[in-house]
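Visitor: Supplied structure: data-v6.json, JSON, N, CA and C atoms.
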```
[["chain", "number", "residue", "atom", "x", "y", "z"],
["A", 31, "MET", "N", -2.15, 35.94, 5.00],
["A", 31, "MET", "CA", -1.59, 34.86, 4.22],
["A", 31, "MET", "C", -0.17, 34.58, 4.71],
["A", 32, "LYS", "N", 0.21, 33.33, 4.67],
["A", 32, "LYS", "CA", 1.54, 32.96, 5.13],
["A", 32, "LYS", "C", 2.58, 33.35, 4.09],
["A", 33, "SER", "N", 3.79, 33.56, 4.58],
["A", 33, "SER", "CA", 4.85, 33.87, 3.63],
["A", 33, "SER", "C", 5.18, 32.62, 2.82],
["A", 34, "PRO", "N", 5.72, 32.79, 1.61],
["A", 34, "PRO", "CA", 6.00, 31.63, 0.75],
["A", 34, "PRO", "C", 6.95, 30.62, 1.39],
["A", 35, "THR", "N", 7.93, 31.10, 2.16],
["A", 35, "THR", "CA", 8.87, 30.18, 2.77],
["A", 35, "THR", "C", 8.18, 29.33, 3.83],
["A", 36, "THR", "N", 7.32, 29.94, 4.62],
["A", 36, "THR", "CA", 6.60, 29.19, 5.63],
["A", 36, "THR", "C", 5.63, 28.22, 4.97],
["A", 37, "LEU", "N", 4.97, 28.63, 3.92],
["A", 37, "LEU", "CA", 4.04, 27.76, 3.20],
["A", 37, "LEU", "C", 4.77, 26.58, 2.58],
["A", 38, "ARG", "N", 5.93, 26.84, 2.00],
["A", 38, "ARG", "CA", 6.71, 25.75, 1.40],
["A", 38, "ARG", "C", 7.11, 24.72, 2.44],
["A", 39, "SER", "N", 7.61, 25.18, 3.57],
["A", 39, "SER", "CA", 8.04, 24.23, 4.60],
["A", 39, "SER", "C", 6.83, 23.50, 5.20],
["A", 40, "TRP", "N", 5.69, 24.20, 5.35],
["A", 40, "TRP", "CA", 4.50, 23.56, 5.88],
["A", 40, "TRP", "C", 4.02, 22.46, 4.94],
["A", 41, "LEU", "N", 4.03, 22.73, 3.64],
["A", 41, "LEU", "CA", 3.60, 21.72, 2.66],
["A", 41, "LEU", "C", 4.54, 20.52, 2.64],
["A", 42, "ARG", "N", 5.83, 20.76, 2.75],
["A", 42, "ARG", "CA", 6.80, 19.66, 2.74],
["A", 42, "ARG", "C", 6.69, 18.82, 4.01],
["A", 43, "ARG", "N", 6.51, 19.46, 5.14],
["A", 43, "ARG", "CA", 6.35, 18.70, 6.39],
["A", 43, "ARG", "C", 5.07, 17.89, 6.38],
["A", 44, "SER", "N", 4.01, 18.48, 5.87],
["A", 44, "SER", "CA", 2.75, 17.74, 5.82],
["A", 44, "SER", "C", 2.84, 16.57, 4.84],
["A", 45, "ALA", "N", 3.60, 16.70, 3.77],
["A", 45, "ALA", "CA", 3.81, 15.58, 2.85],
["A", 45, "ALA", "C", 4.53, 14.43, 3.56],
["A", 46, "GLY", "N", 5.53, 14.77, 4.35],
["A", 46, "GLY", "CA", 6.23, 13.74, 5.12],
["A", 46, "GLY", "C", 5.33, 13.07, 6.14],
["A", 47, "LEU", "N", 4.49, 13.85, 6.79],
["A", 47, "LEU", "CA", 3.56, 13.29, 7.77],
["A", 47, "LEU", "C", 2.53, 12.38, 7.12],
["A", 48, "VAL", "N", 2.09, 12.73, 5.92],
["A", 48, "VAL", "CA", 1.13, 11.89, 5.20],
["A", 48, "VAL", "C", 1.76, 10.55, 4.87],
["A", 49, "VAL", "N", 3.00, 10.55, 4.42],
["A", 49, "VAL", "CA", 3.69, 9.29, 4.09],
["A", 49, "VAL", "C", 3.87, 8.45, 5.35],
["A", 50, "LEU", "N", 4.31, 9.07, 6.44],
["A", 50, "LEU", "CA", 4.50, 8.32, 7.68],
["A", 50, "LEU", "C", 3.18, 7.76, 8.21],
["A", 51, "ALA", "N", 2.12, 8.55, 8.15],
["A", 51, "ALA", "CA", 0.83, 8.10, 8.67],
["A", 51, "ALA", "C", 0.26, 6.96, 7.84],
["A", 52, "THR", "N", 0.37, 7.04, 6.51],
["A", 52, "THR", "CA", -0.21, 5.98, 5.69],
["A", 52, "THR", "C", 0.59, 4.68, 5.82],
["A", 53, "PHE", "N", 1.91, 4.77, 5.83],
["A", 53, "PHE", "CA", 2.69, 3.54, 5.99],
["A", 53, "PHE", "C", 2.56, 2.98, 7.40],
["A", 54, "GLY", "N", 2.45, 3.85, 8.39],
["A", 54, "GLY", "CA", 2.22, 3.39, 9.76],
["A", 54, "GLY", "C", 0.90, 2.66, 9.89],
["A", 55, "THR", "N", -0.15, 3.21, 9.31],
["A", 55, "THR", "CA", -1.46, 2.55, 9.34],
["A", 55, "THR", "C", -1.42, 1.23, 8.59],
["A", 56, "TRP", "N", -0.72, 1.22, 7.47],
["A", 56, "TRP", "CA", -0.62, 0.00, 6.67],
["A", 56, "TRP", "C", 0.10, -1.10, 7.45],
["A", 57, "PHE", "N", 1.20, -0.76, 8.13],
["A", 57, "PHE", "CA", 1.94, -1.75, 8.90],
["A", 57, "PHE", "C", 1.15, -2.23, 10.12],
["A", 58, "VAL", "N", 0.50, -1.31, 10.81],
["A", 58, "VAL", "CA", -0.23, -1.67, 12.03],
["A", 58, "VAL", "C", -1.42, -2.58, 11.72],
["A", 59, "THR", "N", -2.09, -2.34, 10.60],
["A", 59, "THR", "CA", -3.27, -3.15, 10.29],
["A", 59, "THR", "C", -2.94, -4.45, 9.58],
["A", 60, "GLY", "N", -1.70, -4.73, 9.30],
["A", 60, "GLY", "CA", -1.36, -6.03, 8.74],
["A", 60, "GLY", "C", -0.59, -6.02, 7.44],
["A", 61, "SER", "N", -0.36, -4.87, 6.84],
["A", 61, "SER", "CA", 0.39, -4.69, 5.59],
["A", 61, "SER", "C", 0.05, -5.77, 4.55],
["A", 62, "HIS", "N", -1.20, -5.80, 4.16],
["A", 62, "HIS", "CA", -1.69, -6.76, 3.17],
["A", 62, "HIS", "C", -1.31, -6.29, 1.77],
["A", 63, "PHE", "N", -0.73, -7.18, 0.96],
["A", 63, "PHE", "CA", -0.29, -6.81, -0.38],
["A", 63, "PHE", "C", -1.38, -6.95, -1.42],
["A", 64, "GLY", "N", -2.60, -7.30, -1.01],
["A", 64, "GLY", "CA", -3.75, -7.33, -1.90],
["A", 64, "GLY", "C", -4.59, -6.09, -1.68],
["A", 65, "TRP", "N", -5.88, -6.19, -2.02],
["A", 65, "TRP", "CA", -6.78, -5.07, -1.80],
["A", 65, "TRP", "C", -7.18, -5.01, -0.33],
["A", 66, "THR", "N", -7.72, -3.87, 0.08],
["A", 66, "THR", "CA", -8.15, -3.68, 1.46],
["A", 66, "THR", "C", -9.27, -4.65, 1.81],
["A", 67, "ARG", "N", -9.16, -5.24, 2.99],
["A", 67, "ARG", "CA", -10.18, -6.17, 3.47],
["A", 67, "ARG", "C", -10.98, -5.52, 4.59],
["A", 68, "THR", "N", -12.27, -5.74, 4.58],
["A", 68, "THR", "CA", -13.11, -5.26, 5.68],
["A", 68, "THR", "C", -13.67, -6.43, 6.49],
["A", 69, "ARG", "N", -13.46, -7.64, 6.02],
["A", 69, "ARG", "CA", -13.86, -8.85, 6.74],
["A", 69, "ARG", "C", -12.78, -9.90, 6.58],
["A", 70, "THR", "N", -12.62, -10.73, 7.61],
["A", 70, "THR", "CA", -11.72, -11.87, 7.53],
["A", 70, "THR", "C", -12.51, -13.14, 7.81],
["A", 71, "LEU", "N", -12.04, -14.22, 7.27],
["A", 71, "LEU", "CA", -12.71, -15.51, 7.40],
["A", 71, "LEU", "C", -12.00, -16.33, 8.47],
["A", 72, "GLU", "N", -12.76, -16.80, 9.45],
["A", 72, "GLU", "CA", -12.21, -17.66, 10.49],
["A", 72, "GLU", "C", -12.95, -18.99, 10.46],
["A", 73, "MET", "N", -12.23, -20.04, 10.74],
["A", 73, "MET", "CA", -12.85, -21.36, 10.81],
["A", 73, "MET", "C", -13.15, -21.67, 12.28],
["A", 74, "HIS", "N", -14.41, -22.03, 12.56],
["A", 74, "HIS", "CA", -14.83, -22.43, 13.89],
["A", 74, "HIS", "C", -15.15, -23.92, 13.87],
["A", 75, "HIS", "N", -15.07, -24.52, 15.03],
["A", 75, "HIS", "CA", -15.31, -25.96, 15.13],
["A", 75, "HIS", "C", -16.51, -26.19, 16.03],
["A", 76, "ASP", "N", -17.49, -26.93, 15.52],
["A", 76, "ASP", "CA", -18.66, -27.27, 16.32],
["A", 76, "ASP", "C", -18.32, -28.50, 17.16],
["A", 77, "GLU", "N", -18.42, -28.36, 18.47],
["A", 77, "GLU", "CA", -18.05, -29.45, 19.38],
["A", 77, "GLU", "C", -19.01, -30.63, 19.30],
["A", 78, "VAL", "N", -20.28, -30.37, 19.03],
["A", 78, "VAL", "CA", -21.28, -31.43, 19.03],
["A", 78, "VAL", "C", -21.17, -32.30, 17.78],
["A", 79, "THR", "N", -21.13, -31.66, 16.60],
["A", 79, "THR", "CA", -21.10, -32.42, 15.35],
["A", 79, "THR", "C", -19.70, -32.69, 14.84],
["A", 80, "GLY", "N", -18.72, -31.90, 15.29],
["A", 80, "GLY", "CA", -17.35, -32.08, 14.83],
["A", 80, "GLY", "C", -17.08, -31.47, 13.47],
["A", 81, "ILE", "N", -17.97, -30.59, 13.01],
["A", 81, "ILE", "CA", -17.84, -29.97, 11.69],
["A", 81, "ILE", "C", -17.16, -28.61, 11.84],
["A", 82, "ASP", "N", -16.24, -28.32, 10.92],
["A", 82, "ASP", "CA", -15.63, -27.00, 10.84],
["A", 82, "ASP", "C", -16.46, -26.14, 9.90],
["A", 83, "TYR", "N", -16.73, -24.89, 10.29],
["A", 83, "TYR", "CA", -17.54, -24.00, 9.46],
["A", 83, "TYR", "C", -16.91, -22.60, 9.45],
["A", 84, "PRO", "N", -17.04, -21.89, 8.32],
["A", 84, "PRO", "CA", -16.45, -20.55, 8.23],
["A", 84, "PRO", "C", -17.36, -19.49, 8.87],
["A", 85, "VAL", "N", -16.70, -18.52, 9.52],
["A", 85, "VAL", "CA", -17.41, -17.39, 10.10],
["A", 85, "VAL", "C", -16.67, -16.13, 9.66],
["A", 86, "GLN", "N", -17.43, -15.16, 9.11],
["A", 86, "GLN", "CA", -16.82, -13.89, 8.71],
["A", 86, "GLN", "C", -16.83, -12.93, 9.89],
["A", 87, "ARG", "N", -15.66, -12.34, 10.14],
["A", 87, "ARG", "CA", -15.52, -11.40, 11.25],
["A", 87, "ARG", "C", -15.18, -10.03, 10.66],
["A", 88, "PRO", "N", -15.89, -8.96, 11.08],
["A", 88, "PRO", "CA", -15.57, -7.63, 10.54],
["A", 88, "PRO", "C", -14.25, -7.10, 11.10],
["A", 89, "THR", "N", -13.29, -6.87, 10.23],
["A", 89, "THR", "CA", -12.00, -6.28, 10.58],
["A", 89, "THR", "C", -11.57, -5.34, 9.47],
["A", 90, "PHE", "N", -10.54, -4.56, 9.73],
["A", 90, "PHE", "CA", -9.98, -3.68, 8.70],
["A", 90, "PHE", "C", -8.52, -4.02, 8.52],
["A", 91, "VAL", "N", -8.15, -4.43, 7.33],
["A", 91, "VAL", "CA", -6.76, -4.69, 6.97],
["A", 91, "VAL", "C", -6.47, -3.85, 5.73],
["A", 92, "ALA", "N", -5.61, -2.84, 5.88],
["A", 92, "ALA", "CA", -5.31, -1.94, 4.77],
["A", 92, "ALA", "C", -4.55, -2.69, 3.68],
["A", 93, "GLY", "N", -4.98, -2.49, 2.45],
["A", 93, "GLY", "CA", -4.36, -3.14, 1.31],
["A", 93, "GLY", "C", -3.31, -2.26, 0.67],
["A", 94, "VAL", "N", -2.83, -2.69, -0.46],
["A", 94, "VAL", "CA", -1.73, -2.01, -1.15],
["A", 94, "VAL", "C", -2.15, -0.66, -1.71],
["A", 95, "GLU", "N", -3.46, -0.45, -1.92],
["A", 95, "GLU", "CA", -3.90, 0.84, -2.44],
["A", 95, "GLU", "C", -3.81, 1.93, -1.38],
["A", 96, "PHE", "N", -3.76, 1.55, -0.12],
["A", 96, "PHE", "CA", -3.68, 2.53, 0.96],
["A", 96, "PHE", "C", -2.35, 3.30, 0.93],
["A", 97, "PRO", "N", -1.19, 2.64, 0.91],
["A", 97, "PRO", "CA", 0.06, 3.41, 0.79],
["A", 97, "PRO", "C", 0.21, 4.07, -0.58],
["A", 98, "ALA", "N", -0.38, 3.49, -1.62],
["A", 98, "ALA", "CA", -0.31, 4.13, -2.94],
["A", 98, "ALA", "C", -1.04, 5.45, -2.94],
["A", 99, "ALA", "N", -2.20, 5.49, -2.30],
["A", 99, "ALA", "CA", -2.95, 6.75, -2.20],
["A", 99, "ALA", "C", -2.21, 7.75, -1.32],
["A", 100, "GLY", "N", -1.55, 7.28, -0.28],
["A", 100, "GLY", "CA", -0.76, 8.17, 0.57],
["A", 100, "GLY", "C", 0.42, 8.78, -0.16],
["A", 101, "ILE", "N", 1.08, 7.97, -0.98],
["A", 101, "ILE", "CA", 2.21, 8.48, -1.76],
["A", 101, "ILE", "C", 1.72, 9.49, -2.79],
["A", 102, "ALA", "N", 0.56, 9.23, -3.39],
["A", 102, "ALA", "CA", 0.00, 10.18, -4.37],
["A", 102, "ALA", "C", -0.35, 11.50, -3.69],
["A", 103, "ALA", "N", -0.93, 11.46, -2.50],
["A", 103, "ALA", "CA", -1.27, 12.68, -1.78],
["A", 103, "ALA", "C", -0.02, 13.44, -1.37],
["A", 104, "ALA", "N", 1.01, 12.72, -0.91],
["A", 104, "ALA", "CA", 2.26, 13.36, -0.51],
["A", 104, "ALA", "C", 2.97, 13.98, -1.72],
["A", 105, "THR", "N", 2.91, 13.32, -2.86],
["A", 105, "THR", "CA", 3.51, 13.86, -4.08],
["A", 105, "THR", "C", 2.81, 15.13, -4.51],
["A", 106, "THR", "N", 1.49, 15.16, -4.36],
["A", 106, "THR", "CA", 0.73, 16.37, -4.69],
["A", 106, "THR", "C", 1.14, 17.52, -3.77],
["A", 107, "LEU", "N", 1.28, 17.25, -2.48],
["A", 107, "LEU", "CA", 1.70, 18.30, -1.55],
["A", 107, "LEU", "C", 3.12, 18.77, -1.86],
["A", 108, "LEU", "N", 4.00, 17.84, -2.19],
["A", 108, "LEU", "CA", 5.38, 18.21, -2.51],
["A", 108, "LEU", "C", 5.43, 19.02, -3.79],
["A", 109, "ALA", "N", 4.64, 18.66, -4.79],
["A", 109, "ALA", "CA", 4.60, 19.44, -6.03],
["A", 109, "ALA", "C", 4.05, 20.84, -5.77],
["A", 110, "ALA", "N", 3.06, 20.94, -4.90],
["A", 110, "ALA", "CA", 2.52, 22.26, -4.55],
["A", 110, "ALA", "C", 3.57, 23.11, -3.84],
["A", 111, "SER", "N", 4.41, 22.46, -3.03],
["A", 111, "SER", "CA", 5.47, 23.23, -2.36],
["A", 111, "SER", "C", 6.52, 23.72, -3.34],
["A", 112, "LEU", "N", 6.74, 22.97, -4.41],
["A", 112, "LEU", "CA", 7.72, 23.40, -5.41],
["A", 112, "LEU", "C", 7.17, 24.51, -6.30],
["A", 113, "LEU", "N", 5.85, 24.61, -6.40],
["A", 113, "LEU", "CA", 5.24, 25.63, -7.24],
["A", 113, "LEU", "C", 5.06, 26.97, -6.54],
["A", 114, "THR", "N", 5.20, 27.00, -5.23],
["A", 114, "THR", "CA", 5.07, 28.28, -4.52],
["A", 114, "THR", "C", 6.29, 29.14, -4.79],
["A", 115, "ALA", "N", 6.07, 30.43, -4.80],
["A", 115, "ALA", "CA", 7.15, 31.37, -5.13],
["A", 115, "ALA", "C", 8.16, 31.43, -3.99],
["A", 116, "ARG", "N", 9.40, 31.59, -4.36],
["A", 116, "ARG", "CA", 10.44, 31.74, -3.35],
["A", 116, "ARG", "C", 10.53, 33.19, -2.91],
["A", 117, "ARG", "N", 10.89, 33.39, -1.68],
["A", 117, "ARG", "CA", 11.05, 34.74, -1.15],
["A", 117, "ARG", "C", 12.40, 35.28, -1.62],
["A", 118, "GLN", "N", 12.40, 36.49, -2.13],
["A", 118, "GLN", "CA", 13.65, 37.09, -2.59],
["A", 118, "GLN", "C", 14.22, 37.98, -1.50],
["A", 119, "THR", "N", 15.50, 37.90, -1.35],
["A", 119, "THR", "CA", 16.18, 38.75, -0.39],
["A", 119, "THR", "C", 16.47, 40.09, -1.05],
["A", 120, "PRO", "N", 16.53, 41.17, -0.27],
["A", 120, "PRO", "CA", 16.86, 42.47, -0.86],
["A", 120, "PRO", "C", 18.28, 42.44, -1.44],
["A", 121, "GLY", "N", 18.42, 42.83, -2.66],
["A", 121, "GLY", "CA", 19.73, 42.85, -3.29],
["A", 121, "GLY", "C", 19.98, 41.66, -4.20],
["A", 122, "SER", "N", 19.10, 40.67, -4.18],
["A", 122, "SER", "CA", 19.29, 39.53, -5.08],
["A", 122, "SER", "C", 18.63, 39.85, -6.41],
["A", 123, "THR", "N", 19.13, 39.25, -7.44],
["A", 123, "THR", "CA", 18.58, 39.50, -8.79],
["A", 123, "THR", "C", 17.50, 38.48, -9.08],
["A", 124, "PRO", "N", 16.41, 38.87, -9.72],
["A", 124, "PRO", "CA", 15.35, 37.90, -10.06],
["A", 124, "PRO", "C", 15.84, 36.96, -11.15],
["A", 125, "LEU", "N", 15.24, 35.79, -11.20],
["A", 125, "LEU", "CA", 15.63, 34.80, -12.20],
["A", 125, "LEU", "C", 15.15, 35.21, -13.59],
["A", 126, "VAL", "N", 14.04, 35.89, -13.68],
["A", 126, "VAL", "CA", 13.50, 36.31, -14.97],
["A", 126, "VAL", "C", 13.52, 37.84, -15.03],
["A", 127, "ARG", "N", 14.13, 38.36, -16.06],
["A", 127, "ARG", "CA", 14.15, 39.82, -16.21],
["A", 127, "ARG", "C", 13.04, 40.25, -17.14],
["A", 128, "VAL", "N", 12.39, 41.32, -16.74],
["A", 128, "VAL", "CA", 11.25, 41.80, -17.53],
["A", 128, "VAL", "C", 11.65, 43.03, -18.29]]
```
Just give me the structure of the file as C-alpha cells.

Guide:
Amino acid sequence: MKSPTTLRSWLRRSAGLVVLATFGTWFVTGSHFGWTRTRTLEMHHDEVTGIDYPVQRPTFVAGVEFPAAGIAAATTLLAASLLTARRQTPGSTPLVRV
C-alpha cells in the first residue's frame, strides 16, 4: 500500500489532470454550451433542382455536461485526498489525544 503522503499527492494530481482533460476535450470539440451533440445538421444544395436540403452528419461536440462531470469527478478525487490520513513525523503530537 502506498504511504498516505504519496496517495494524497497522487489523488490531487489526478484531480488536476481530470479537470485539464475534460476542459481540453470540451474546447477541442467545439465548447458547446448546450447538451452534447452526436450529429450536426448541414444544408446541401442540389445542382439539378436548385433545392436546399438538410443532411445529418455524425460528429461529436461535447456539451456543458461534459466539463460539469469532469469537475464533479475532480472534486471527488480532491475530497478523497483530504480524507486520507496525514503522515506523522516522530516527535510530533497527534491532533486527537486518546

Visitor: Kindly give the distance, in Å, that separates atom N of A:Met73 and atom CA of A:Gln86, rounded to a single decimal.

Guide: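 Spanning atom N of A:Met73 to atom CA of A:Gln86 is a straight-line distance of 7.9 Å.
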
Visitor: Using all atoms listed in the file for the distances, tell me which of A:Thr114, A:Trp40, A:Glu72, A:Thr66 is nearest to A:Val94.

Guide: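 Result for the nearest residue to A:Val94: A:Thr66.
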
Visitor: Pick from A:Phe96, A:Arg87, A:Gly46, A:Ile101: nearest to A:His74, with only C-alpha atoms counted?

Guide: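 For A:His74, the nearest of the given residues is A:Arg87.
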
Visitor: Which polymer residues, protein or nucleic acid, are no farther than 7 Å from (6.0, 20.7, 1.4), counting only C-alpha atoms, as a list in words?

Guide: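 Those residues, ordered by chain and then number, are Arg38, Ser39, Trp40, Leu41, Arg42, Arg43, Ser44, Ala45, Leu107, Leu108 and Ser111 of chain A.
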
Visitor: Write out, as an mmCIF file, keeping the file's coordinate frame, the residues just selected, with N, CA and C atoms.

Guide:
```
data_model
loop_
_atom_site.group_PDB
_atom_site.id
_atom_site.type_symbol
_atom_site.label_atom_id
_atom_site.label_comp_id
_atom_site.auth_asym_id
_atom_site.auth_seq_id
_atom_site.Cartn_x
_atom_site.Cartn_y
_atom_site.Cartn_z
ATOM 1 N N ARG A 38 5.930 26.840 2.000
ATOM 2 C CA ARG A 38 6.710 25.750 1.400
ATOM 3 C C ARG A 38 7.110 24.720 2.440
ATOM 4 N N SER A 39 7.610 25.180 3.570
ATOM 5 C CA SER A 39 8.040 24.230 4.600
ATOM 6 C C SER A 39 6.830 23.500 5.200
ATOM 7 N N TRP A 40 5.690 24.200 5.350
ATOM 8 C CA TRP A 40 4.500 23.560 5.880
ATOM 9 C C TRP A 40 4.020 22.460 4.940
ATOM 10 N N LEU A 41 4.030 22.730 3.640
ATOM 11 C CA LEU A 41 3.600 21.720 2.660
ATOM 12 C C LEU A 41 4.540 20.520 2.640
ATOM 13 N N ARG A 42 5.830 20.760 2.750
ATOM 14 C CA ARG A 42 6.800 19.660 2.740
ATOM 15 C C ARG A 42 6.690 18.820 4.010
ATOM 16 N N ARG A 43 6.510 19.460 5.140
ATOM 17 C CA ARG A 43 6.350 18.700 6.390
ATOM 18 C C ARG A 43 5.070 17.890 6.380
ATOM 19 N N SER A 44 4.010 18.480 5.870
ATOM 20 C CA SER A 44 2.750 17.740 5.820
ATOM 21 C C SER A 44 2.840 16.570 4.840
ATOM 22 N N ALA A 45 3.600 16.700 3.770
ATOM 23 C CA ALA A 45 3.810 15.580 2.850
ATOM 24 C C ALA A 45 4.530 14.430 3.560
ATOM 25 N N LEU A 107 1.280 17.250 -2.480
ATOM 26 C CA LEU A 107 1.700 18.300 -1.550
ATOM 27 C C LEU A 107 3.120 18.770 -1.860
ATOM 28 N N LEU A 108 4.000 17.840 -2.190
ATOM 29 C CA LEU A 108 5.380 18.210 -2.510
ATOM 30 C C LEU A 108 5.430 19.020 -3.790
ATOM 31 N N SER A 111 4.410 22.460 -3.030
ATOM 32 C CA SER A 111 5.470 23.230 -2.360
ATOM 33 C C SER A 111 6.520 23.720 -3.340
#
```

Visitor: Hey, can you check how far atom C of A:Asp82 sits from atom N of A:Thr70?

Guide: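 Value for the atom C of A:Asp82-atom N of A:Thr70 distance: 16.0 Å.
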